[in-house]
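Input: a single structure, listed below in structure tokens.
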Amino acid sequence: MISLVTLLRGRLLVFCAIAMSALVLRLAVTSFTPLASQIREDIGFSPTVVGVFGMVPTAMFALFGLGTPLIAKRWGLERTALVAMVMAGVGMLTRALMSDTWSLLALSALALAGMGIGNVVIPPLVKRYFSDRLAVMSSVYIVGVQIGTIVPAFVAVPLAEAFGWRFSIGVWALLGFAAALPWILLLTRERRRTVVVAAEPPAGVQAERPHGKAWRSPVGWGMAGMFGMTSMITYSMFTWIPDILSDAGASEAFGGAMVGLFSFMGLVAAFGAPTLCARMRNPFPIVIGCAVCYLVAFSGLLFAPMSAPILWIVLLGLGPSTFPMSLTLINLRTRSHLGSATLSGFTQGVGYAVACLGPLLFGVFHDASGGWTVSFGFLTFGVVILLIAAFQACKPRMLEDSWHVEKEPENALRHV
């Protein structure tokens, strides 16, 4: 067993920066959703606008997923991570002070844009500084993301009851600003380091290599499809589990509890999936197991939702184990942190763009058919696409071997 001291030797500051940043990456979403009705009544926007707020997270994650590799190439991974945390902190703080709908929406978008940037840069930062311990560090930051997803959802309402909804959605800005501090310290320390031609990179840090385009590689498209279908199914279920169970006779409180259980299963998967993925040459059998979990859960929720609802939700929550798998494979299927950044941006940009459509289409099919059969048929089709894409993503090959490398001048290593 590798000791924590061995893992962090010379990299404690980076470890803290990555772990703290991971906690920030969902705060603006799950701190707002439980209070959406209360905020709507106070500020006075329509239920349709609530739907707009619901689409902003995946839209920002998609937009900045595609754009962040260009930003990181220009500014460096560390500076980009710092900017992401500051954007998240400023957006969460200032939106809590707004009294009109569009300012609230715009500043929510600012916070989510920062989180979208953070989504992309964290995997290559793990690759850059912890290439020798990818499974461990992947688990650390994915668990951080899951904790940052679950905790605000559970405490948002109690905080709002005690101190008001503005405090409840604004207090999380402190964590965004706190996550910026280790990046500031790291950049201050690195500024003193002179990088010269042919110099060796610091211990645990990878040098940059010539780069190409992820969309030219089957690895890129496999990863995008795997991540996209997982996100589409996950966001659809987050949105519609309460209604599915309510139609079957369950109470509103029970539906909310099942959403919490669904979220908790994601935390369980975050502990185990990265390690399993790293130990297997081709982890596609895990994806098959996830697909089986999805299909059994879909069948249970469609044909006998209240016969064993906890079992259906547990299986449904194990299906998205392909989410931490995808984030781990971003590093396992690339040779450098630059390749990881490129693959991360393409995977999450395309993936979240697809995820935007999931909850909407699931609801449209339900309204059009008057039941849930067509909606679950839609998600089943998503599982088929997931399997096809994962077959490509899980093959033991590297992105850089098929992305048509663009040569760059051999100059001094960039100081990032």
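Just remember, in the structure tokens the first chain shown is A, the second B, etc., residues are 1-based per chain, and ligands are 1-based in the order shown.
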- Item | Distance query stretch 314-324 of chain A at most 8 Å, only C-alpha atoms, self and fewer than 3 positions along chain excluded, as number ranges by chain | A: 142, 226-227, 230-231, 234, 261-266, 269-270, 273-274, 287, 289-294, 296-298, 310-311, 327-328
May I have a table of the residues of stretch 134-249 of chain A lying at most 8 Å from stretch 357-371 of chain A, giving each one's closest pair of atoms and their distance in Å to one decimal, counting only C-alpha atoms, ordered by chain and ascending residue number, as a Markdown table?
```
| residue | atom | partner | partner_atom | distance |
| --- | --- | --- | --- | --- |
| A:Met232 | CA | A:Gly358 | CA | 4.8 |
| A:Ile233 | CA | A:Gly358 | CA | 6.6 |
| A:Tyr235 | CA | A:Pro359 | CA | 6.3 |
| A:Ser236 | CA | A:Pro359 | CA | 4.2 |
| A:Met237 | CA | A:Pro359 | CA | 7.6 |
| A:Thr239 | CA | A:Pro359 | CA | 6.4 |
| A:Trp240 | CA | A:Pro359 | CA | 7.5 |
```
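Put simply, atom CA of A:Arg128 is 12.3 Å away from atom CA of A:Leu332.
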- Using only C-alpha atoms, which of the listed residues (A:Ala96, A:Ala111, A:Ile184, A:Ile43) sits closest to A:Ala17? A:Ile184
- Which is closer to A:Val14 than all the others in A:Pro283, A:Pro182, A:Gly260, A:Pro34, using only C-alpha atoms? A:Pro182
